[in-house]
Amino acid sequence: MDFKVGVISGDGIGPEIVREAKKVLDRVGEAFGHSFAYDEILMGGVSIDATGEPLTDGAIAQAKAADAVLMGSIGGNTSTSPWYKLPANLRPEAGLLKLRKSLNLFANLRPAYLYGELREACPLRDDIIGDGFDMMIMRELTGGLYFGERVTEERDGVMTAVDTLSYNEHEIRRIAKRGFDIARKRRKKVTSVDKANVLDSSRLWRKVVEEVAKGYPEVALEHMLVDNCAMQLVKDPGQFDVILTENMFGDILSDEASMVTGSIGMLSSASLNDTKFGLYEPSGGSAPDIAGKGIANPIATILSAAMMLRYSFDLDREADAVEEAVRQVLKEGYRTADIMPQGEDKAQVTQVGTEKMGDLVAQRISPA
Ligand code: NAD
């Protein structure tokens, strides 16, 4: 099949890591008989330098015309880059917010998976890690507290700030359906996280999630309060498959879950709307401290491309092949600098740069 992929290389390490993900996609194309056509889209600092804006209307149109968008990262050093002297709506990150909004990307997916070879990077005790963990955090991205009405004003002589947490049933239903669809492709369990003992928005969340669950009898549903979930993530992470939650809870829990896996360079993510379209990007930023040195870890971007194959193109076998190739490369002992073990274990592994890591993964892709 032929696919049109919008590519936002962006700033910092973005172009370096995206180059390797494209290399892997091209290898998938060769091995499985697909073709990927790339359309380069300007966003972030590079777009500011070229056009004066972090994302132009033309760039949005390019993204909309693609089947999916693969992104590196945007932004620069927030203390020294001239981009951060601009008004907030003209800074690199404004481009990403505008893109998410224009494409109606309401569902954010962040897997937290522990590779056996990287156990050492996990801050949890061995008995807690057990056989490892493999969870997917599904976070609502366009509603809730971050988008509700807000005001800061003096009331009766006292400065008062108000943020509003609002969800309607349609917003909850569409993310819940996405969560159950994803669970169906995985281990068939959804943990819906809320604060239903206190919040009205959570009680509606719970009610709608239960209605949606009736359409997925093969998927088990459990509810968990957010404070308990924060504890369970470090007490018994192996119990989770899909964690389904609203915007702010998901923001916090997904960072907690990513920390227990160890390295930011391994973490992929996807933002989806209610079509097959998605924006796929590593969870990390543009890492200006290592940009241009050829040492960034491209695996998170490569795994984001695998998510694109799975969720936008329905190419599950191809996605499996990419994930398996990454596992194989780690098993063979290749590591980028950020995932190098410390101390004596160093002798057991081979340190490689960005380009070599991309080559190694691409070479190991074959139809199973
Ligand atoms: P960062 O994620 O860029 O870097 C944090 C640390 O992680 C750094 O030490 C960096 O070297 C390391 N790191 C990140 N990705 C890595 C990789 N693939 N391989 C090896 N090491 C990696 O976070 P930051 O320094 O807070 O932000 C830098 C810039 O990135 C800022 O302008 C920020 O706004 C932007 N940012 C962009 C996105 C995005 O594009 N979605 C996300 C987060 C931050």
# chains A, B, ... in the order shown; residues from 1 in each chain; ligands from 1
$ residues_near_ligand --ligand "ligand 1" --cutoff "8 Å" --atoms "only C-alpha atoms and all ligand atoms" --output "MDAnalysis selection string"
chainID A and resid 10 12:13 17 71:78 92:93 96 263:266 281:291 295:301 336:338
$ residues_around --residues "A:Ser254" --least-positions-apart "3" --cutoff "7 Å" --atoms "only C-alpha atoms" --output "list in words"
Arg110, Ile137, Gly250, Asp251, Ala257 and Ser258 of chain A
$ write_last_selection --atoms "N, CA, C and O atoms" --output "CSV table (one decimal), in the first residue's frame"
chain,number,residue,atom,x,y,z
A,110,ARG,N,0.5,7.1,25.4
A,110,ARG,CA,1.9,7.0,25.8
A,110,ARG,C,2.1,5.6,26.4
A,110,ARG,O,1.7,5.3,27.5
A,137,ILE,N,-0.9,4.5,28.5
A,137,ILE,CA,-1.7,5.6,29.1
A,137,ILE,C,-2.4,6.4,28.1
A,137,ILE,O,-1.8,6.8,27.1
A,250,GLY,N,-4.0,12.5,33.4
A,250,GLY,CA,-3.1,11.8,32.5
A,250,GLY,C,-1.8,12.5,32.3
A,250,GLY,O,-0.8,11.8,32.1
A,251,ASP,N,-1.8,13.8,32.4
A,251,ASP,CA,-0.5,14.5,32.3
A,251,ASP,C,0.5,14.1,33.4
A,251,ASP,O,1.6,13.7,33.1
A,257,ALA,N,4.6,7.3,34.9
A,257,ALA,CA,4.8,6.0,34.3
A,257,ALA,C,6.1,6.0,33.5
A,257,ALA,O,6.8,5.0,33.4
A,258,SER,N,6.4,7.1,32.8
A,258,SER,CA,7.5,7.1,31.9
A,258,SER,C,8.8,7.0,32.8
A,258,SER,O,9.8,6.4,32.4
$ select_by_dssp --residues "stretch 144-335 of chain A" --states "strand (DSSP E or B)" --output "PyMOL selection string"
chain A and resi 150-155+158-163+189-194+220-225+242-245+268-272+278-282+334-335
$ residues_around --residues "A:Tyr280" --least-positions-apart "5" --cutoff "6 Å" --atoms "only C-alpha atoms" --output "number ranges by chain"
A: 70-71, 269-270, 304
$ write_last_selection --atoms "N, CA, C and O atoms" --output "tab-separated table (two decimals), in the first residue's frame"
chain	number	residue	atom	x	y	z
A	70	LEU	N	4.61	12.27	11.28
A	70	LEU	CA	5.69	11.83	12.16
A	70	LEU	C	6.51	13.06	12.54
A	70	LEU	O	6.89	13.83	11.67
A	71	MET	N	6.73	13.21	13.84
A	71	MET	CA	7.41	14.42	14.28
A	71	MET	C	8.65	14.09	15.12
A	71	MET	O	8.67	13.08	15.82
A	269	SER	N	5.08	8.25	21.53
A	269	SER	CA	3.74	8.73	21.84
A	269	SER	C	2.95	8.98	20.57
A	269	SER	O	3.53	9.11	19.48
A	270	ALA	N	1.63	9.03	20.73
A	270	ALA	CA	0.76	9.30	19.59
A	270	ALA	C	-0.38	10.19	20.05
A	270	ALA	O	-0.82	10.09	21.19
A	304	SER	N	7.70	5.42	17.74
A	304	SER	CA	6.54	6.26	17.38
A	304	SER	C	6.11	5.92	15.95
A	304	SER	O	4.91	5.87	15.65
$ residues_around --residues "stretch 241-248 of chain A" --least-positions-apart "3" --cutoff "10 Å" --atoms "only C-alpha atoms" --output "mmCIF file with N, CA and C atoms, in the first residue's frame"
data_model
loop_
_atom_site.group_PDB
_atom_site.id
_atom_site.type_symbol
_atom_site.label_atom_id
_atom_site.label_comp_id
_atom_site.auth_asym_id
_atom_site.auth_seq_id
_atom_site.Cartn_x
_atom_site.Cartn_y
_atom_site.Cartn_z
ATOM 1 N N PHE A 106 -7.523 14.629 20.123
ATOM 2 C CA PHE A 106 -8.059 14.621 21.488
ATOM 3 C C PHE A 106 -7.560 13.449 22.334
ATOM 4 N N ALA A 107 -6.885 12.500 21.701
ATOM 5 C CA ALA A 107 -6.473 11.304 22.457
ATOM 6 C C ALA A 107 -4.956 11.163 22.415
ATOM 7 N N ASN A 108 -4.344 11.189 23.562
ATOM 8 C CA ASN A 108 -2.897 11.032 23.632
ATOM 9 C C ASN A 108 -2.552 9.656 24.196
ATOM 10 N N LEU A 109 -1.691 8.965 23.472
ATOM 11 C CA LEU A 109 -1.302 7.606 23.869
ATOM 12 C C LEU A 109 0.159 7.583 24.226
ATOM 13 N N ARG A 110 0.479 7.132 25.426
ATOM 14 C CA ARG A 110 1.891 6.985 25.775
ATOM 15 C C ARG A 110 2.138 5.615 26.371
ATOM 16 N N PRO A 111 2.848 4.769 25.640
ATOM 17 C CA PRO A 111 3.171 3.463 26.204
ATOM 18 C C PRO A 111 4.278 3.572 27.235
ATOM 19 N N ALA A 112 4.216 2.761 28.261
ATOM 20 C CA ALA A 112 5.336 2.637 29.213
ATOM 21 C C ALA A 112 5.660 1.154 29.273
ATOM 22 N N PHE A 133 6.694 -4.716 32.837
ATOM 23 C CA PHE A 133 5.360 -4.154 32.644
ATOM 24 C C PHE A 133 5.239 -3.583 31.244
ATOM 25 N N ASP A 134 4.006 -3.434 30.806
ATOM 26 C CA ASP A 134 3.722 -2.989 29.446
ATOM 27 C C ASP A 134 2.350 -2.336 29.490
ATOM 28 N N MET A 135 2.350 -1.017 29.703
ATOM 29 C CA MET A 135 1.048 -0.342 29.822
ATOM 30 C C MET A 135 0.937 0.797 28.817
ATOM 31 N N MET A 136 -0.283 1.217 28.586
ATOM 32 C CA MET A 136 -0.549 2.309 27.661
ATOM 33 C C MET A 136 -1.393 3.333 28.403
ATOM 34 N N ILE A 137 -0.870 4.548 28.504
ATOM 35 C CA ILE A 137 -1.667 5.603 29.140
ATOM 36 C C ILE A 137 -2.414 6.356 28.053
ATOM 37 N N MET A 138 -3.720 6.376 28.185
ATOM 38 C CA MET A 138 -4.556 7.075 27.206
ATOM 39 C C MET A 138 -5.130 8.305 27.894
ATOM 40 N N ARG A 139 -4.662 9.458 27.466
ATOM 41 C CA ARG A 139 -5.014 10.720 28.140
ATOM 42 C C ARG A 139 -5.868 11.587 27.225
ATOM 43 N N GLU A 140 -6.975 12.107 27.757
ATOM 44 C CA GLU A 140 -7.781 13.060 27.000
ATOM 45 C C GLU A 140 -6.961 14.341 26.879
ATOM 46 N N LEU A 141 -6.940 14.942 25.687
ATOM 47 C CA LEU A 141 -5.955 15.998 25.447
ATOM 48 C C LEU A 141 -6.546 17.377 25.168
ATOM 49 N N THR A 142 -7.837 17.469 24.944
ATOM 50 C CA THR A 142 -8.355 18.778 24.519
ATOM 51 C C THR A 142 -9.455 19.332 25.430
ATOM 52 N N GLY A 143 -9.701 18.671 26.578
ATOM 53 C CA GLY A 143 -10.749 19.163 27.470
ATOM 54 C C GLY A 143 -10.228 19.288 28.892
ATOM 55 N N GLY A 144 -11.156 19.392 29.832
ATOM 56 C CA GLY A 144 -10.771 19.418 31.243
ATOM 57 C C GLY A 144 -10.192 20.750 31.693
ATOM 58 N N LEU A 145 -9.455 20.669 32.761
ATOM 59 C CA LEU A 145 -8.970 21.859 33.467
ATOM 60 C C LEU A 145 -8.123 22.780 32.587
ATOM 61 N N TYR A 146 -7.341 22.204 31.664
ATOM 62 C CA TYR A 146 -6.414 23.025 30.878
ATOM 63 C C TYR A 146 -7.135 23.873 29.828
ATOM 64 N N PHE A 147 -8.372 23.508 29.529
ATOM 65 C CA PHE A 147 -9.096 24.248 28.491
ATOM 66 C C PHE A 147 -10.371 24.913 29.020
ATOM 67 N N LEU A 165 -12.996 22.756 35.554
ATOM 68 C CA LEU A 165 -12.805 21.412 34.994
ATOM 69 C C LEU A 165 -14.133 20.959 34.411
ATOM 70 N N TYR A 167 -16.209 18.570 31.423
ATOM 71 C CA TYR A 167 -16.258 17.560 30.357
ATOM 72 C C TYR A 167 -17.707 17.316 29.990
ATOM 73 N N GLU A 171 -17.348 14.246 24.750
ATOM 74 C CA GLU A 171 -15.881 14.236 24.891
ATOM 75 C C GLU A 171 -15.425 12.962 25.600
ATOM 76 N N ILE A 172 -16.178 12.553 26.595
ATOM 77 C CA ILE A 172 -15.782 11.350 27.352
ATOM 78 C C ILE A 172 -15.982 10.101 26.499
ATOM 79 N N ILE A 175 -13.187 9.482 23.743
ATOM 80 C CA ILE A 175 -11.882 9.003 24.236
ATOM 81 C C ILE A 175 -12.036 7.589 24.806
ATOM 82 N N ALA A 176 -13.177 7.339 25.458
ATOM 83 C CA ALA A 176 -13.381 5.999 26.027
ATOM 84 C C ALA A 176 -13.394 4.953 24.914
ATOM 85 N N ARG A 178 -11.942 5.104 22.030
ATOM 86 C CA ARG A 178 -10.557 4.932 21.573
ATOM 87 C C ARG A 178 -9.795 4.011 22.538
ATOM 88 N N GLY A 179 -10.007 4.231 23.846
ATOM 89 C CA GLY A 179 -9.309 3.429 24.856
ATOM 90 C C GLY A 179 -9.675 1.955 24.752
ATOM 91 N N PHE A 180 -10.968 1.684 24.570
ATOM 92 C CA PHE A 180 -11.400 0.279 24.469
ATOM 93 C C PHE A 180 -10.925 -0.345 23.156
ATOM 94 N N ILE A 182 -8.167 0.342 21.642
ATOM 95 C CA ILE A 182 -6.741 0.029 21.821
ATOM 96 C C ILE A 182 -6.591 -1.215 22.716
ATOM 97 N N ALA A 183 -7.391 -1.272 23.785
ATOM 98 C CA ALA A 183 -7.305 -2.418 24.700
ATOM 99 C C ALA A 183 -7.613 -3.714 23.957
ATOM 100 N N ARG A 184 -8.524 -3.637 23.006
ATOM 101 C CA ARG A 184 -8.904 -4.821 22.230
ATOM 102 C C ARG A 184 -7.707 -5.371 21.444
ATOM 103 N N ARG A 186 -4.729 -5.180 22.600
ATOM 104 C CA ARG A 186 -3.680 -5.507 23.569
ATOM 105 C C ARG A 186 -4.165 -6.619 24.505
ATOM 106 N N ARG A 187 -4.005 -6.427 25.848
ATOM 107 C CA ARG A 187 -4.340 -7.510 26.775
ATOM 108 C C ARG A 187 -5.771 -7.415 27.332
ATOM 109 N N LYS A 188 -6.558 -6.524 26.716
ATOM 110 C CA LYS A 188 -8.014 -6.468 26.943
ATOM 111 C C LYS A 188 -8.407 -6.091 28.368
ATOM 112 N N LYS A 189 -7.710 -5.073 28.891
ATOM 113 C CA LYS A 189 -8.107 -4.571 30.211
ATOM 114 C C LYS A 189 -8.013 -3.042 30.192
ATOM 115 N N VAL A 190 -9.064 -2.370 30.679
ATOM 116 C CA VAL A 190 -9.041 -0.912 30.804
ATOM 117 C C VAL A 190 -9.171 -0.543 32.279
ATOM 118 N N THR A 191 -8.237 0.281 32.760
ATOM 119 C CA THR A 191 -8.377 0.862 34.093
ATOM 120 C C THR A 191 -8.749 2.329 33.882
ATOM 121 N N SER A 192 -9.978 2.677 34.213
ATOM 122 C CA SER A 192 -10.419 4.059 34.052
ATOM 123 C C SER A 192 -10.127 4.805 35.350
ATOM 124 N N VAL A 193 -9.394 5.901 35.225
ATOM 125 C CA VAL A 193 -8.914 6.608 36.423
ATOM 126 C C VAL A 193 -9.661 7.922 36.583
ATOM 127 N N ASP A 194 -10.191 8.147 37.772
ATOM 128 C CA ASP A 194 -10.956 9.373 38.014
ATOM 129 C C ASP A 194 -10.859 9.759 39.480
ATOM 130 N N SER A 201 -17.368 15.940 37.483
ATOM 131 C CA SER A 201 -16.872 15.579 36.141
ATOM 132 C C SER A 201 -16.420 14.117 36.132
ATOM 133 N N SER A 202 -15.860 13.643 37.247
ATOM 134 C CA SER A 202 -15.419 12.249 37.329
ATOM 135 C C SER A 202 -16.607 11.293 37.403
ATOM 136 N N TRP A 205 -17.756 10.976 34.002
ATOM 137 C CA TRP A 205 -16.722 10.177 33.307
ATOM 138 C C TRP A 205 -16.988 8.687 33.533
ATOM 139 N N VAL A 209 -18.068 5.949 30.703
ATOM 140 C CA VAL A 209 -17.124 4.851 30.436
ATOM 141 C C VAL A 209 -17.840 3.507 30.611
ATOM 142 N N LEU A 221 -13.188 -4.014 32.485
ATOM 143 C CA LEU A 221 -13.095 -2.623 32.946
ATOM 144 C C LEU A 221 -12.971 -2.587 34.454
ATOM 145 N N GLU A 222 -12.032 -1.769 34.950
ATOM 146 C CA GLU A 222 -12.025 -1.470 36.389
ATOM 147 C C GLU A 222 -11.886 0.034 36.556
ATOM 148 N N HIS A 223 -12.400 0.551 37.677
ATOM 149 C CA HIS A 223 -12.245 1.971 37.985
ATOM 150 C C HIS A 223 -11.215 2.103 39.086
ATOM 151 N N MET A 224 -10.443 3.186 39.031
ATOM 152 C CA MET A 224 -9.468 3.417 40.097
ATOM 153 C C MET A 224 -9.404 4.915 40.378
ATOM 154 N N VAL A 226 -7.618 8.381 41.235
ATOM 155 C CA VAL A 226 -6.323 8.826 40.729
ATOM 156 C C VAL A 226 -5.220 8.753 41.790
ATOM 157 N N CYS A 229 -4.119 5.274 41.912
ATOM 158 C CA CYS A 229 -3.390 4.910 40.691
ATOM 159 C C CYS A 229 -1.930 5.384 40.782
ATOM 160 N N PRO A 237 3.259 -2.047 38.926
ATOM 161 C CA PRO A 237 2.971 -1.530 37.569
ATOM 162 C C PRO A 237 2.511 -2.623 36.607
ATOM 163 N N GLY A 238 2.854 -3.884 36.918
ATOM 164 C CA GLY A 238 2.489 -4.993 36.024
ATOM 165 C C GLY A 238 0.990 -5.218 35.925
ATOM 166 N N ASP A 251 -1.761 13.793 32.363
ATOM 167 C CA ASP A 251 -0.507 14.541 32.252
ATOM 168 C C ASP A 251 0.451 14.074 33.351
ATOM 169 N N ILE A 252 -0.065 13.980 34.544
ATOM 170 C CA ILE A 252 0.778 13.642 35.700
ATOM 171 C C ILE A 252 1.125 12.145 35.700
ATOM 172 N N LEU A 253 0.108 11.310 35.492
ATOM 173 C CA LEU A 253 0.361 9.857 35.554
ATOM 174 C C LEU A 253 1.273 9.384 34.425
ATOM 175 N N SER A 254 1.164 10.014 33.238
ATOM 176 C CA SER A 254 2.007 9.536 32.135
ATOM 177 C C SER A 254 3.468 9.877 32.397
#
$ closest_residue --among "A:Val208, A:Ala66, A:Ala61, A:Ala368" --to "A:Ala37" --atoms "only C-alpha atoms"
A:Ala66
$ closest_atom_pairs --of "stretch 19-84 of chain A" --to "stretch 315-332 of chain A" --cutoff "10 Å" --atoms "only C-alpha atoms" --output "CSV"
residue,atom,partner,partner_atom,distance
A:Val24,CA,A:Val322,CA,7.8
A:Leu25,CA,A:Val322,CA,8.7
A:Arg27,CA,A:Val322,CA,9.6
A:Val28,CA,A:Glu318,CA,6.7
A:Gly29,CA,A:Glu318,CA,9.0
A:Ala31,CA,A:Glu318,CA,9.0
A:Phe32,CA,A:Glu318,CA,7.3
$ closest_residue --among "A:Thr275, A:Asn228, A:Ser312, A:Thr164" --to "A:Lys195" --atoms "only C-alpha atoms"
A:Asn228
$ decode --residues "stretch 194-207 of chain A" --atoms "all heavy atoms" --output "short mmCIF file (atom, residue, chain, number, x, y, z; two decimals), in the first residue's frame"
data_model
loop_
_atom_site.label_atom_id
_atom_site.label_comp_id
_atom_site.auth_asym_id
_atom_site.auth_seq_id
_atom_site.Cartn_x
_atom_site.Cartn_y
_atom_site.Cartn_z
N ASP A 194 -10.19 8.15 37.77
CA ASP A 194 -10.96 9.37 38.01
C ASP A 194 -10.86 9.76 39.48
O ASP A 194 -10.06 9.18 40.24
CB ASP A 194 -12.42 9.17 37.60
CG ASP A 194 -13.09 8.04 38.38
OD1 ASP A 194 -12.82 7.89 39.61
OD2 ASP A 194 -13.90 7.29 37.80
N LYS A 195 -11.66 10.72 39.88
CA LYS A 195 -11.74 11.13 41.30
C LYS A 195 -13.22 11.23 41.61
O LYS A 195 -13.73 12.28 42.01
CB LYS A 195 -10.98 12.46 41.47
CG LYS A 195 -10.79 12.90 42.89
CD LYS A 195 -9.76 12.09 43.66
CE LYS A 195 -9.68 12.57 45.10
NZ LYS A 195 -8.93 11.67 45.98
N ALA A 196 -13.92 10.11 41.36
CA ALA A 196 -15.39 10.12 41.44
C ALA A 196 -15.92 10.28 42.86
O ALA A 196 -17.10 10.56 43.05
CB ALA A 196 -15.95 8.84 40.81
N ASN A 197 -15.04 10.11 43.86
CA ASN A 197 -15.51 10.34 45.23
C ASN A 197 -15.64 11.82 45.55
O ASN A 197 -16.21 12.20 46.55
CB ASN A 197 -14.56 9.66 46.24
CG ASN A 197 -13.11 10.04 46.04
OD1 ASN A 197 -12.75 10.54 44.98
ND2 ASN A 197 -12.27 9.81 47.03
N VAL A 198 -15.12 12.69 44.66
CA VAL A 198 -15.16 14.13 44.92
C VAL A 198 -15.76 14.93 43.76
O VAL A 198 -16.57 15.83 43.97
CB VAL A 198 -13.73 14.67 45.19
CG1 VAL A 198 -13.76 16.17 45.45
CG2 VAL A 198 -13.08 13.95 46.37
N LEU A 199 -15.37 14.60 42.53
CA LEU A 199 -15.67 15.48 41.40
C LEU A 199 -16.88 15.04 40.58
O LEU A 199 -16.98 13.87 40.21
CB LEU A 199 -14.46 15.55 40.46
CG LEU A 199 -13.15 16.06 41.06
CD1 LEU A 199 -12.03 15.94 40.03
CD2 LEU A 199 -13.30 17.50 41.51
N ASP A 200 -17.76 15.99 40.25
CA ASP A 200 -18.89 15.70 39.36
C ASP A 200 -18.41 15.25 37.99
O ASP A 200 -18.96 14.33 37.39
CB ASP A 200 -19.74 16.97 39.18
CG ASP A 200 -20.86 17.02 40.20
OD1 ASP A 200 -20.65 16.48 41.31
OD2 ASP A 200 -21.93 17.59 39.89
N SER A 201 -17.37 15.94 37.48
CA SER A 201 -16.87 15.58 36.14
C SER A 201 -16.42 14.12 36.13
O SER A 201 -16.58 13.41 35.14
CB SER A 201 -15.73 16.50 35.72
OG SER A 201 -14.71 16.47 36.69
N SER A 202 -15.86 13.64 37.25
CA SER A 202 -15.42 12.25 37.33
C SER A 202 -16.61 11.29 37.40
O SER A 202 -16.54 10.17 36.88
CB SER A 202 -14.54 12.05 38.57
OG SER A 202 -13.25 12.53 38.36
N ARG A 203 -17.69 11.72 38.07
CA ARG A 203 -18.86 10.83 38.16
C ARG A 203 -19.48 10.65 36.77
O ARG A 203 -19.87 9.56 36.38
CB ARG A 203 -19.88 11.36 39.16
CG ARG A 203 -19.45 11.05 40.60
CD ARG A 203 -20.56 11.33 41.60
NE ARG A 203 -20.64 12.74 41.95
CZ ARG A 203 -19.91 13.31 42.92
NH1 ARG A 203 -19.08 12.59 43.64
NH2 ARG A 203 -20.03 14.59 43.19
N LEU A 204 -19.51 11.75 35.98
CA LEU A 204 -20.01 11.63 34.61
C LEU A 204 -19.05 10.75 33.79
O LEU A 204 -19.46 9.90 33.00
CB LEU A 204 -20.15 13.01 33.96
CG LEU A 204 -20.70 13.01 32.53
CD1 LEU A 204 -22.12 12.45 32.48
CD2 LEU A 204 -20.68 14.42 31.91
N TRP A 205 -17.76 10.98 34.00
CA TRP A 205 -16.72 10.18 33.31
C TRP A 205 -16.99 8.69 33.53
O TRP A 205 -17.05 7.89 32.60
CB TRP A 205 -15.34 10.58 33.86
CG TRP A 205 -14.19 9.84 33.27
CD1 TRP A 205 -13.73 8.61 33.63
CD2 TRP A 205 -13.36 10.27 32.18
NE1 TRP A 205 -12.65 8.25 32.85
CE2 TRP A 205 -12.40 9.26 31.96
CE3 TRP A 205 -13.30 11.43 31.39
CZ2 TRP A 205 -11.42 9.35 30.97
CZ3 TRP A 205 -12.32 11.52 30.41
CH2 TRP A 205 -11.40 10.49 30.22
N ARG A 206 -17.19 8.31 34.79
CA ARG A 206 -17.38 6.91 35.17
C ARG A 206 -18.63 6.33 34.50
O ARG A 206 -18.62 5.22 33.98
CB ARG A 206 -17.49 6.81 36.69
CG ARG A 206 -17.03 5.50 37.24
CD ARG A 206 -17.02 5.51 38.75
NE ARG A 206 -15.68 5.72 39.28
CZ ARG A 206 -15.20 5.11 40.35
NH1 ARG A 206 -15.95 4.25 41.02
NH2 ARG A 206 -13.99 5.34 40.79
N LYS A 207 -19.72 7.14 34.53
CA LYS A 207 -20.99 6.67 33.97
C LYS A 207 -20.85 6.42 32.47
O LYS A 207 -21.27 5.37 31.96
CB LYS A 207 -22.05 7.76 34.24
CG LYS A 207 -23.43 7.46 33.74
CD LYS A 207 -24.41 8.51 34.29
CE LYS A 207 -25.78 8.35 33.68
NZ LYS A 207 -25.91 8.89 32.33
#
